[in-house]
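Content type compact mmCIF, C-alpha atoms, from the file input_8.txt:
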# COMPACT_ATOMS: atom_id res chain seq x y z
CA MET A 1 36.33 2.61 -19.78
CA LYS A 2 33.86 2.75 -16.86
CA ARG A 3 33.05 -0.91 -17.60
CA MET A 4 36.38 -2.17 -18.89
CA ILE A 5 38.40 -1.32 -15.75
CA PRO A 6 35.96 -3.10 -13.36
CA LEU A 7 35.83 -6.10 -15.72
CA PHE A 8 39.62 -6.29 -15.75
CA ILE A 9 39.77 -6.01 -11.92
CA THR A 10 37.22 -8.82 -11.60
CA PHE A 11 39.19 -11.03 -13.97
CA ALA A 12 42.58 -10.27 -12.40
CA SER A 13 41.44 -10.75 -8.79
CA GLY A 14 39.46 -13.93 -9.52
CA PHE A 15 42.25 -15.41 -11.64
CA LEU A 16 44.92 -14.63 -9.00
CA ILE A 17 42.87 -16.26 -6.24
CA ILE A 18 42.38 -19.42 -8.31
CA MET A 19 46.10 -19.46 -9.21
CA SER A 20 47.07 -19.24 -5.53
CA PHE A 21 45.60 -22.69 -4.93
CA PHE A 22 47.92 -24.10 -7.61
CA ILE A 23 50.94 -21.91 -6.81
CA PRO A 24 50.89 -21.32 -3.04
CA HIS A 25 54.53 -20.06 -3.11
CA TYR A 26 56.08 -16.59 -3.37
CA PRO A 27 54.92 -14.23 -4.93
CA VAL A 28 51.42 -15.56 -5.77
CA GLY A 29 50.72 -17.03 -2.31
CA GLU A 30 51.98 -13.87 -0.59
CA LEU A 31 49.93 -11.61 -2.85
CA THR A 32 46.70 -13.54 -2.35
CA ASN A 33 47.16 -13.49 1.43
CA ILE A 34 47.26 -9.69 1.23
CA MET A 35 44.28 -9.75 -1.13
CA LYS A 36 42.37 -11.86 1.38
CA GLU A 37 42.84 -9.11 4.01
CA TRP A 38 41.82 -6.40 1.54
CA TYR A 39 38.78 -8.43 0.51
CA MET A 40 37.60 -8.64 4.13
CA VAL A 41 38.07 -4.89 4.65
CA VAL A 42 36.25 -3.90 1.45
CA ALA A 43 33.47 -6.43 2.23
CA VAL A 44 33.03 -4.78 5.65
CA PHE A 45 32.70 -1.41 3.92
CA ALA A 46 30.07 -2.93 1.61
CA MET A 47 28.17 -3.85 4.78
CA ILE A 48 28.72 -0.38 6.24
CA LEU A 49 27.31 1.00 2.98
CA GLY A 50 24.16 -1.05 3.60
CA ILE A 51 23.88 0.30 7.16
CA LEU A 52 24.40 3.89 5.94
CA ASN A 53 21.67 3.27 3.37
CA LEU A 54 19.36 2.05 6.14
CA PHE A 55 20.19 5.26 8.05
CA LYS A 56 19.55 7.39 4.95
CA VAL A 57 16.14 5.80 4.21
CA ASN A 58 14.99 6.20 7.82
CA ALA A 59 16.39 9.74 8.13
CA HIS A 60 14.42 10.67 5.00
CA LYS A 61 11.27 9.17 6.54
CA LEU A 62 11.91 11.12 9.74
CA ILE A 63 12.65 14.48 8.09
CA LYS A 64 9.60 14.27 5.82
CA LEU A 65 7.47 13.14 8.83
CA LYS A 66 6.09 10.26 6.79
CA PRO A 67 3.66 7.78 8.47
CA GLY A 68 5.54 5.79 11.13
CA TRP A 69 8.28 8.45 11.37
CA TRP A 70 8.76 7.86 15.05
CA TYR A 71 9.66 4.20 14.46
CA ALA A 72 12.37 5.58 12.17
CA LEU A 73 13.46 7.82 15.04
CA ILE A 74 13.68 4.83 17.39
CA LEU A 75 15.65 2.83 14.81
CA ILE A 76 18.12 5.65 14.15
CA SER A 77 18.53 6.34 17.89
CA ALA A 78 19.20 2.63 18.62
CA LEU A 79 21.71 2.45 15.76
CA ILE A 80 23.58 5.62 16.82
CA PHE A 81 23.52 4.64 20.49
CA MET A 82 24.97 1.18 19.78
CA VAL A 83 27.70 2.57 17.49
CA ILE A 84 28.71 5.29 19.97
CA ALA A 85 28.64 2.77 22.84
CA GLY A 86 30.96 0.45 20.92
CA TRP A 87 33.34 3.02 19.49
CA ILE A 88 33.67 5.34 22.47
CA GLY A 89 32.90 3.11 25.45
CA GLY A 90 34.66 0.01 24.14
CA MET A 91 33.45 -3.57 24.05
CA GLU A 92 34.75 -4.88 27.38
CA GLU A 93 32.55 -6.62 29.93
CA GLY A 94 30.58 -4.09 31.94
CA SER A 95 30.61 -1.48 29.15
CA TRP A 96 27.46 0.07 27.64
CA PHE A 97 28.04 -1.99 24.50
CA ASP A 98 28.13 -5.17 26.57
CA PHE A 99 24.94 -4.12 28.41
CA LEU A 100 23.10 -3.50 25.13
CA PHE A 101 24.38 -6.79 23.72
CA LYS A 102 23.32 -8.82 26.78
CA PHE A 103 19.98 -7.20 27.61
CA VAL A 104 18.74 -5.85 24.29
CA TYR A 105 20.34 -7.59 21.30
CA THR A 106 20.45 -11.18 22.66
CA PRO A 107 16.85 -11.32 24.00
CA LEU A 108 15.47 -9.61 20.90
CA ASN A 109 17.37 -11.94 18.59
CA ALA A 110 16.33 -15.12 20.44
CA THR A 111 12.69 -14.00 20.75
CA MET A 112 12.48 -13.03 17.06
CA PHE A 113 13.66 -16.52 16.06
CA SER A 114 11.52 -18.29 18.67
CA LEU A 115 8.49 -16.43 17.25
CA LEU A 116 9.10 -18.41 14.08
CA ALA A 117 8.08 -21.59 15.98
CA PHE A 118 4.46 -20.38 15.84
CA PHE A 119 4.63 -19.45 12.16
CA VAL A 120 6.33 -22.74 11.30
CA ALA A 121 3.54 -24.56 13.17
CA SER A 122 0.84 -22.76 11.19
CA ALA A 123 2.77 -23.27 7.93
CA SER A 124 3.14 -26.98 8.65
CA PHE A 125 -0.62 -27.24 9.26
CA ARG A 126 -1.13 -26.10 5.65
CA ALA A 127 1.84 -27.97 4.15
CA PHE A 128 1.31 -31.28 5.94
CA ARG A 129 -1.66 -32.47 3.98
CA ALA A 130 -0.67 -35.79 2.48
CA ARG A 131 -2.19 -35.06 -0.93
CA ASN A 132 0.33 -37.19 -2.83
CA ILE A 133 3.30 -39.50 -2.19
CA ASP A 134 5.84 -36.65 -2.08
CA ALA A 135 3.87 -34.64 0.49
CA GLY A 136 3.30 -37.88 2.45
CA LEU A 137 7.05 -38.57 2.56
CA LEU A 138 7.74 -35.02 3.73
CA LEU A 139 5.07 -35.36 6.42
CA ILE A 140 6.29 -38.75 7.69
CA ALA A 141 9.96 -37.69 7.72
CA ALA A 142 9.18 -34.47 9.60
CA ILE A 143 6.95 -36.18 12.19
CA LEU A 144 9.48 -38.99 12.79
CA VAL A 145 12.33 -36.49 13.20
CA MET A 146 10.32 -34.25 15.55
CA LEU A 147 9.07 -37.15 17.68
CA GLY A 148 12.42 -38.90 17.70
CA ARG A 149 14.17 -35.86 19.18
CA VAL A 150 11.94 -35.41 22.25
CA PRO A 151 11.44 -37.63 25.34
CA LEU A 152 7.80 -38.17 24.29
CA GLY A 153 9.04 -40.08 21.21
CA ASN A 154 11.02 -42.43 23.41
CA LEU A 155 7.91 -42.97 25.57
CA ILE A 156 5.80 -43.88 22.52
CA SER A 157 8.42 -46.30 21.21
CA SER A 158 12.09 -46.82 21.97
CA TYR A 159 12.61 -47.31 18.21
CA LEU A 160 11.61 -43.71 17.35
CA PRO A 161 14.96 -42.10 18.33
CA LEU A 162 16.78 -44.81 16.35
CA ILE A 163 14.56 -44.30 13.27
CA GLN A 164 15.09 -40.54 13.61
CA SER A 165 18.87 -40.86 13.68
CA TRP A 166 18.77 -43.35 10.75
CA ILE A 167 16.72 -40.88 8.68
CA MET A 168 19.11 -38.04 9.55
CA GLU A 169 22.18 -40.14 8.83
CA PHE A 170 21.20 -41.81 5.53
CA PRO A 171 18.23 -40.56 3.42
CA ASN A 172 18.66 -36.99 4.71
CA THR A 173 22.43 -37.04 4.04
CA ALA A 174 21.77 -38.43 0.54
CA GLY A 175 19.41 -35.57 -0.29
CA GLN A 176 21.72 -32.97 1.28
CA ARG A 177 24.66 -34.38 -0.65
CA ALA A 178 22.77 -34.23 -3.96
CA ILE A 179 21.76 -30.63 -3.23
CA MET A 180 25.34 -29.70 -2.27
CA ILE A 181 26.79 -31.26 -5.43
CA GLY A 182 24.14 -29.54 -7.58
CA ALA A 183 24.70 -26.19 -5.84
CA ALA A 184 28.50 -26.56 -6.15
CA LEU A 185 28.20 -27.09 -9.91
CA GLY A 186 26.02 -23.98 -10.07
CA VAL A 187 28.47 -21.86 -8.04
CA ILE A 188 31.45 -23.07 -10.10
CA ALA A 189 29.68 -22.24 -13.39
CA THR A 190 28.54 -18.81 -12.12
CA SER A 191 32.02 -17.99 -10.73
CA LEU A 192 33.59 -18.83 -14.09
CA ARG A 193 31.03 -16.70 -15.92
CA ILE A 194 31.83 -13.77 -13.59
CA ILE A 195 35.62 -14.14 -13.86
CA ILE A 196 35.68 -14.33 -17.66
CA GLY A 197 33.20 -11.46 -17.94
CA ILE A 198 30.09 -13.19 -19.33
CA GLU A 199 28.08 -12.39 -16.20
CA ARG A 200 28.08 -8.58 -15.76
CA SER A 201 24.84 -7.87 -13.90
CA TYR A 202 26.80 -6.67 -10.83
CA LEU A 203 28.04 -3.67 -12.85
CA ASN A 204 24.55 -2.23 -13.39
CA MET B 205 18.59 -1.05 41.81
CA THR B 206 21.44 -2.83 40.06
CA VAL B 207 22.36 -2.66 36.38
CA GLU B 208 21.50 -6.36 36.13
CA PHE B 209 17.99 -5.67 37.48
CA ILE B 210 17.34 -2.85 34.98
CA GLY B 211 18.73 -5.02 32.18
CA LEU B 212 16.41 -7.89 33.08
CA TRP B 213 13.36 -5.61 33.01
CA ILE B 214 14.36 -4.16 29.63
CA ALA B 215 14.95 -7.68 28.25
CA GLY B 216 11.62 -8.87 29.73
CA PHE B 217 9.68 -5.97 28.24
CA LEU B 218 11.28 -6.44 24.81
CA THR B 219 10.59 -10.21 24.90
CA LEU B 220 6.90 -9.63 25.67
CA ALA B 221 6.72 -6.86 23.06
CA ILE B 222 7.93 -9.27 20.36
CA PHE B 223 5.55 -12.02 21.53
CA SER B 224 2.66 -9.52 21.41
CA PHE B 225 2.78 -9.91 17.61
CA LEU B 226 1.12 -13.31 18.08
CA TYR B 227 -2.07 -11.43 18.95
CA ARG B 228 -1.70 -8.88 16.11
CA ASP B 229 0.61 -6.19 14.79
CA ASN B 230 0.77 -3.46 17.44
CA VAL B 231 2.75 -0.46 18.62
CA PHE B 232 4.84 -2.43 21.19
CA TYR B 233 5.95 -4.93 18.55
CA LYS B 234 6.85 -2.13 16.13
CA ILE B 235 8.93 -0.38 18.80
CA ALA B 236 10.78 -3.62 19.62
CA GLU B 237 11.27 -4.32 15.91
CA ALA B 238 12.76 -0.85 15.30
CA VAL B 239 15.08 -1.27 18.31
CA TYR B 240 16.11 -4.73 17.05
CA VAL B 241 16.99 -3.49 13.56
CA GLY B 242 18.90 -0.47 14.88
CA ILE B 243 20.79 -2.37 17.57
CA SER B 244 21.64 -5.27 15.20
CA ALA B 245 22.96 -2.90 12.54
CA GLY B 246 25.02 -1.02 15.13
CA TYR B 247 26.33 -4.25 16.65
CA ILE B 248 27.46 -5.65 13.27
CA MET B 249 29.11 -2.33 12.38
CA VAL B 250 31.07 -2.03 15.65
CA GLN B 251 32.00 -5.73 15.75
CA SER B 252 33.31 -5.84 12.19
CA TRP B 253 35.14 -2.53 12.68
CA HIS B 254 36.97 -3.93 15.71
CA ASP B 255 37.58 -7.41 14.26
CA VAL B 256 38.37 -6.61 10.63
CA VAL B 257 39.03 -2.93 9.86
CA ILE B 258 41.32 -2.13 12.81
CA PRO B 259 43.70 -5.15 12.53
CA ASN B 260 43.65 -5.43 8.72
CA LEU B 261 43.65 -1.76 7.68
CA LEU B 262 44.22 0.81 10.43
CA ILE B 263 47.10 -0.91 12.25
CA PRO B 264 49.11 -1.60 9.02
CA LEU B 265 48.48 2.02 7.89
CA LYS B 266 49.60 3.39 11.28
CA SER B 267 52.77 1.32 11.14
CA GLY B 268 53.62 2.96 7.81
CA ASN B 269 52.69 0.17 5.40
CA TRP B 270 51.60 2.39 2.51
CA LEU B 271 50.49 -0.56 0.39
CA TYR B 272 47.33 -0.52 2.52
CA ILE B 273 46.29 2.75 0.88
CA ILE B 274 44.86 0.53 -1.86
CA PRO B 275 42.23 -1.20 0.35
CA ALA B 276 41.57 2.16 2.06
CA ALA B 277 40.84 3.70 -1.34
CA LEU B 278 38.75 0.70 -2.41
CA SER B 279 36.75 0.99 0.83
CA LEU B 280 36.09 4.69 0.27
CA PHE B 281 35.16 4.01 -3.36
CA MET B 282 32.52 1.60 -2.05
CA LEU B 283 30.89 4.43 -0.09
CA ALA B 284 30.74 6.52 -3.29
CA GLN B 285 27.60 4.49 -4.03
CA LEU B 286 25.79 6.99 -1.76
CA ILE B 287 26.73 9.99 -3.97
CA PRO B 288 24.90 9.80 -7.32
CA LYS B 289 27.44 11.96 -9.25
CA ILE B 290 30.40 9.68 -8.50
CA ARG B 291 28.48 6.43 -8.02
CA TRP B 292 30.34 4.76 -10.91
CA ILE B 293 33.57 4.76 -8.86
CA SER B 294 32.04 2.14 -6.52
CA ARG B 295 32.07 -0.30 -9.47
CA ILE B 296 35.83 -0.66 -8.96
CA SER B 297 35.36 -1.86 -5.36
CA ILE B 298 32.37 -4.02 -6.28
CA ALA B 299 34.43 -5.58 -9.08
CA PHE B 300 37.22 -6.39 -6.61
CA VAL B 301 34.82 -7.97 -4.09
CA VAL B 302 32.91 -9.89 -6.78
CA GLY B 303 36.09 -11.10 -8.53
CA THR B 304 37.82 -12.22 -5.33
CA GLY B 305 34.59 -13.82 -4.05
CA ALA B 306 34.12 -15.64 -7.35
CA GLY B 307 37.71 -16.91 -7.22
CA TYR B 308 37.26 -18.23 -3.69
CA GLY B 309 33.83 -19.62 -4.51
CA PHE B 310 35.19 -21.46 -7.55
CA VAL B 311 37.98 -23.25 -5.69
CA THR B 312 36.33 -23.84 -2.30
CA TYR B 313 33.08 -25.19 -3.78
CA LEU B 314 35.07 -27.33 -6.20
CA LYS B 315 37.14 -28.77 -3.35
CA SER B 316 34.75 -29.07 -0.42
CA ASN B 317 31.29 -29.30 -1.94
CA LEU B 318 32.02 -31.22 -5.13
CA PHE B 319 35.18 -33.34 -4.76
CA GLU B 320 34.76 -34.03 -1.03
CA GLN B 321 31.10 -34.96 -1.40
CA VAL B 322 31.78 -37.23 -4.38
CA HIS B 323 34.71 -38.74 -2.47
CA SER B 324 32.49 -39.37 0.59
CA ALA B 325 29.85 -41.02 -1.62
CA ILE B 326 32.32 -43.72 -2.77
CA TYR B 327 32.78 -46.34 -0.04
CA PRO B 328 32.45 -50.12 0.52
CA LEU B 329 28.75 -51.00 0.72
CA TRP B 330 29.11 -53.91 3.19
CA SER B 331 30.14 -52.66 6.63
CA GLY B 332 29.49 -55.84 8.66
CA ASN B 333 26.20 -54.54 10.07
CA ILE B 334 22.96 -55.06 8.11
CA TRP B 335 21.35 -51.69 9.04
CA THR B 336 24.47 -49.61 8.40
CA SER B 337 25.03 -51.45 5.09
CA LEU B 338 21.40 -50.89 4.09
CA GLY B 339 21.84 -47.24 5.04
CA GLY B 340 24.95 -47.09 2.85
CA VAL B 341 22.98 -48.45 -0.13
CA VAL B 342 20.18 -45.93 0.53
CA LEU B 343 22.78 -43.14 0.75
CA LEU B 344 24.33 -44.12 -2.59
CA ILE B 345 20.97 -44.48 -4.41
CA GLY B 346 19.70 -41.24 -2.86
CA THR B 347 22.79 -39.27 -3.87
CA VAL B 348 22.87 -40.57 -7.47
CA THR B 349 19.11 -40.18 -8.06
CA GLY B 350 19.11 -36.77 -6.37
CA ILE B 351 21.74 -35.62 -8.88
CA PHE B 352 19.54 -37.09 -11.65
CA TYR B 353 16.77 -34.78 -10.48
CA PHE B 354 19.03 -31.72 -10.83
CA PHE B 355 20.18 -32.76 -14.31
CA PHE B 356 18.25 -30.49 -16.67
CA SER B 357 20.38 -30.82 -19.83
CA LEU B 358 18.21 -33.74 -21.02
CA GLU B 359 14.45 -34.17 -20.87
CA HIS B 360 13.42 -36.39 -17.95
CA LYS B 361 12.29 -39.43 -20.02
CA GLY B 362 12.84 -43.19 -19.65
CA VAL B 363 15.53 -44.20 -17.14
CA LEU B 364 16.27 -40.55 -16.34
CA ARG B 365 12.59 -40.00 -15.46
CA ILE B 366 12.59 -42.97 -13.04
CA GLY B 367 15.88 -41.80 -11.51
CA ALA B 368 14.65 -38.23 -11.15
CA ARG B 369 11.39 -39.48 -9.59
CA VAL B 370 13.27 -41.52 -6.96
CA GLY B 371 15.58 -38.53 -6.42
CA MET B 372 12.56 -36.31 -5.85
CA MET B 373 11.34 -38.73 -3.14
CA PHE B 374 14.72 -38.55 -1.38
CA LEU B 375 14.66 -34.76 -1.60
CA MET B 376 11.19 -34.70 -0.02
CA ILE B 377 12.48 -36.85 2.88
CA THR B 378 15.42 -34.43 3.21
CA PHE B 379 13.11 -31.40 3.26
CA GLY B 380 10.83 -33.12 5.78
CA ALA B 381 13.77 -34.03 8.04
CA SER B 382 15.25 -30.50 7.76
CA PHE B 383 11.82 -29.04 8.48
CA GLY B 384 11.40 -31.21 11.58
CA TYR B 385 14.91 -30.34 12.72
CA THR B 386 14.26 -26.59 12.24
CA VAL B 387 10.94 -26.78 14.11
CA MET B 388 12.67 -28.45 17.06
CA ALA B 389 15.41 -25.79 17.07
CA ARG B 390 12.79 -23.02 17.11
CA ILE B 391 10.79 -24.76 19.86
CA SER B 392 13.99 -25.02 21.89
CA LEU B 393 14.53 -21.24 21.49
CA LEU B 394 10.91 -20.66 22.53
CA ILE B 395 11.40 -22.78 25.66
CA GLY B 396 14.52 -20.71 26.38
CA ARG B 397 12.57 -17.46 26.18
CA ILE B 398 9.71 -18.77 28.35
CA TYR B 399 12.27 -19.99 30.88
CA PHE B 400 13.86 -16.53 30.82
CA ILE B 401 10.50 -14.86 31.57
CA LEU B 402 9.50 -17.29 34.33
CA HIS B 403 12.90 -17.96 35.90
CA ASP B 404 15.29 -15.08 35.28
CA TRP B 405 12.85 -12.18 35.09
CA LEU B 406 9.71 -12.91 37.13
CA GLN B 407 11.37 -15.64 39.24
CA ILE B 408 8.15 -17.67 39.39
CA VAL B 409 9.94 -20.90 38.47
CA LYS B 410 12.92 -21.72 40.70
Write out the structure in this file as structure tokens.
Amino acid sequence: MKRMIPLFITFASGFLIIMSFFIPHYPVGELTNIMKEWYMVVAVFAMILGILNLFKVNAHKLIKLKPGWWYALILISALIFMVIAGWIGGMEEGSWFDFLFKFVYTPLNATMFSLLAFFVASASFRAFRARNIDAGLLLIAAILVMLGRVPLGNLISSYLPLIQSWIMEFPNTAGQRAIMIGAALGVIATSLRIIIGIERSYLN
Amino acid sequence: MTVEFIGLWIAGFLTLAIFSFLYRDNVFYKIAEAVYVGISAGYIMVQSWHDVVIPNLLIPLKSGNWLYIIPAALSLFMLAQLIPKIRWISRISIAFVVGTGAGYGFVTYLKSNLFEQVHSAIYPLWSGNIWTSLGGVVLLIGTVTGIFYFFFSLEHKGVLRIGARVGMMFLMITFGASFGYTVMARISLLIGRIYFILHDWLQIVK
């Protein structure tokens, strides 16, 4: 019973959503619109569950005074502070939430991602050894795209920006399209397996 | 001392703390990392509460629409995952999310990623311009051979092997181009952060 009910819910909800694309009228269309709202709400609670789990793991680390406990304290304090600021103080401009977003979240987020520029550079140093034709193609395509997108590329040759946009528009689109079609076939097959109950790993 | 001034100093310190990782892992980086994780989690929680839970659950419930008790119950069931004794209840909510997601995934991927992409790949090869037409031929060959590469139901022998090999070459160009594109995006972010330090914070660069 503990497995049969969830399997039935999966089948019913998946089947109804698929049906709504074929029968967008009352009552199927109406029902799936409501389901769409419910789905968003439950998905948010799945995310909240993840955040509560993060809180639980760090609280455990803090209570047991495990190594690095004070980083856990900082994390929990930042989390609680942001939530209180948003829920009590509101999200309007000039609020505490807005201050934390502008001066803490945004710079941290941008710096974290910009840090990747250095790691990507060191990774490319290792990856960009033209040991065979495939690696050579990857190397040439990457160099042409990088050079073609900066003023230096235009200084070297006025053809570089044109070659860059040709690569992005044609061979790159071809590869992306093949990947998208392949991935779509994979998603469709997996979705069908889930809806008809062959794929049950999410119940474990 | 204005709020803006204090904010700039906090942002400046946190930016340098993250960059300090380039030297080696250190206490300033770890502090900034812990703040980043906590603030991000809090931000996502508050934002989704305001944008999703309030308009789609709390307002309908307040206005007396009792049908919305179902998503409220499903949401609470999801949190049962944290209590070992009643953890099994969360399967009901997970089943709902997985089933609905699978239904959407099935139709949207079928429509936009499969049919639309196949539809876009079928076009007249001669466009009146030699380079665009050549590009069109390259696009067609690249798409077909790329799909050959992902076709695993038959062993890659004979024509299929040649097709898959050409497809592999196109995929390598795609990965190279995506890599180059990503590097440039990251460099642009880096320039943004350096500009922030020198212009907004320290005001060395005018």
Review point. Looking at B:Phe354, B:Glu359, B:Ile248, B:Ala276, which one is nearest to Leu261 of chain B, with distances taken over only C-alpha atoms?
Key: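 Among B:Phe354, B:Glu359, B:Ile248, B:Ala276, it is B:Ala276 that comes nearest to Leu261 of chain B.
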**Study point:** Test item: residues at most 7 Å from segment 189-198 of chain A, all atoms listed in the file, excluding those fewer than 2 positions along its chain, as a ChimeraX atom specification
**Key:** /A:7,10-11,14,185-187,200 /B:303,306-307,309-310
Check your understanding: Can you tell me, as a list in words, what residues are no more than 10 Å from Thr106 of chain A when counting only C-alpha atoms, ignoring any on the same chain fewer than 4 positions away?
Key ->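 Listed by chain and then number, they are Leu100, Phe101, Lys102, Ala110, Thr111 and Met112 of chain A; Ala215, Tyr240 and Ser244 of chain B.
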Practice item. Within 8 Å of segment 388-402 of chain B, counting all atoms listed in the file, which residues show up once you throw out same-chain ones fewer than 2 positions away? Write them as a ChimeraX atom specification, please. Key: /A:107,110-111,113-117,146,149 /B:216,219,384-386,404-409
Mind listing whatever residues come within 12 Å of the point (40.7, -4.3, -10.9)? Use all atoms listed in the file, file coordinates, and give them as an mmCIF file with C-alpha atoms, keeping the file's coordinate frame.
data_model
loop_
_atom_site.group_PDB
_atom_site.id
_atom_site.type_symbol
_atom_site.label_atom_id
_atom_site.label_comp_id
_atom_site.auth_asym_id
_atom_site.auth_seq_id
_atom_site.Cartn_x
_atom_site.Cartn_y
_atom_site.Cartn_z
ATOM 1 C CA LYS A 2 33.860 2.750 -16.860
ATOM 2 C CA ARG A 3 33.050 -0.910 -17.600
ATOM 3 C CA MET A 4 36.380 -2.170 -18.890
ATOM 4 C CA ILE A 5 38.400 -1.320 -15.750
ATOM 5 C CA PRO A 6 35.960 -3.100 -13.360
ATOM 6 C CA LEU A 7 35.830 -6.100 -15.720
ATOM 7 C CA PHE A 8 39.620 -6.290 -15.750
ATOM 8 C CA ILE A 9 39.770 -6.010 -11.920
ATOM 9 C CA THR A 10 37.220 -8.820 -11.600
ATOM 10 C CA PHE A 11 39.190 -11.030 -13.970
ATOM 11 C CA ALA A 12 42.580 -10.270 -12.400
ATOM 12 C CA SER A 13 41.440 -10.750 -8.790
ATOM 13 C CA GLY A 14 39.460 -13.930 -9.520
ATOM 14 C CA PHE A 15 42.250 -15.410 -11.640
ATOM 15 C CA LEU A 16 44.920 -14.630 -9.000
ATOM 16 C CA MET A 35 44.280 -9.750 -1.130
ATOM 17 C CA ILE A 195 35.620 -14.140 -13.860
ATOM 18 C CA ILE B 274 44.860 0.530 -1.860
ATOM 19 C CA PRO B 275 42.230 -1.200 0.350
ATOM 20 C CA LEU B 278 38.750 0.700 -2.410
ATOM 21 C CA ILE B 293 33.570 4.760 -8.860
ATOM 22 C CA SER B 294 32.040 2.140 -6.520
ATOM 23 C CA ARG B 295 32.070 -0.300 -9.470
ATOM 24 C CA ILE B 296 35.830 -0.660 -8.960
ATOM 25 C CA SER B 297 35.360 -1.860 -5.360
ATOM 26 C CA ILE B 298 32.370 -4.020 -6.280
ATOM 27 C CA ALA B 299 34.430 -5.580 -9.080
ATOM 28 C CA PHE B 300 37.220 -6.390 -6.610
ATOM 29 C CA VAL B 301 34.820 -7.970 -4.090
ATOM 30 C CA VAL B 302 32.910 -9.890 -6.780
ATOM 31 C CA GLY B 303 36.090 -11.100 -8.530
ATOM 32 C CA THR B 304 37.820 -12.220 -5.330
#
Practice item. Find the residues near segment 122-133 of chain A: any atom within 10 Å, counting only C-alpha atoms, skip ones fewer than 3 places away on the same chain, and give them as JSON, numbers by chain. Key: {"A": [116, 117, 118, 119, 136, 137, 138, 139, 140, 142, 143], "B": [373, 376, 380, 383, 384, 387]}
Dump of C-alpha atoms for the selected residues, as a PDB file, keeping the file's coordinate frame:
ATOM      1  CA  LEU A 116       9.100 -18.410  14.080  1.00  0.00           C
ATOM      2  CA  ALA A 117       8.080 -21.590  15.980  1.00  0.00           C
ATOM      3  CA  PHE A 118       4.460 -20.380  15.840  1.00  0.00           C
ATOM      4  CA  PHE A 119       4.630 -19.450  12.160  1.00  0.00           C
ATOM      5  CA  GLY A 136       3.300 -37.880   2.450  1.00  0.00           C
ATOM      6  CA  LEU A 137       7.050 -38.570   2.560  1.00  0.00           C
ATOM      7  CA  LEU A 138       7.740 -35.020   3.730  1.00  0.00           C
ATOM      8  CA  LEU A 139       5.070 -35.360   6.420  1.00  0.00           C
ATOM      9  CA  ILE A 140       6.290 -38.750   7.690  1.00  0.00           C
ATOM     10  CA  ALA A 142       9.180 -34.470   9.600  1.00  0.00           C
ATOM     11  CA  ILE A 143       6.950 -36.180  12.190  1.00  0.00           C
TER      12      ILE A 143
ATOM     13  CA  MET B 373      11.340 -38.730  -3.140  1.00  0.00           C
ATOM     14  CA  MET B 376      11.190 -34.700  -0.020  1.00  0.00           C
ATOM     15  CA  GLY B 380      10.830 -33.120   5.780  1.00  0.00           C
ATOM     16  CA  PHE B 383      11.820 -29.040   8.480  1.00  0.00           C
ATOM     17  CA  GLY B 384      11.400 -31.210  11.580  1.00  0.00           C
ATOM     18  CA  VAL B 387      10.940 -26.780  14.110  1.00  0.00           C
TER      19      VAL B 387
END
Practice item. Determine the nearest neighbour of chain B from the options A:Tyr26, A:Phe55, A:Phe170, A:Tyr159, counting all atoms listed in the file. Key: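 That would be A:Phe170, the residue with the smallest distance to chain B.
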Exercise for review: Have a look at A:Ile88, A:Ile181, A:Leu54, A:Ala174 and name the one nearest to Leu75 of chain A; count all atoms listed in the file.
Suggested key: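 Of the candidates, the smallest distance to Leu75 of chain A is held by A:Leu54.
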Six-sided padding of 3 Å per side, axis-aligned box over segment 69-84 of chain A, centre and edges in Å, one decimal, as JSON:
{"center_x": 18.5, "center_y": 4.8, "center_z": 15.9, "size_x": 26.4, "size_y": 13.3, "size_z": 15.1}
Review point. Of the candidates A:Pro67, A:Gly148, A:Pro27, A:Gly86, which shows the shortest atom-to-atom distance to chain B, using all atoms listed in the file?
Key: A:Gly86
**Study point:** Atom-to-atom span, atom CA of Tyr105 of chain A and atom CA of Lys61 of chain A, Å
**Key:**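 Going from atom CA of Tyr105 of chain A over to atom CA of Lys61 of chain A, I get 24.1 Å.
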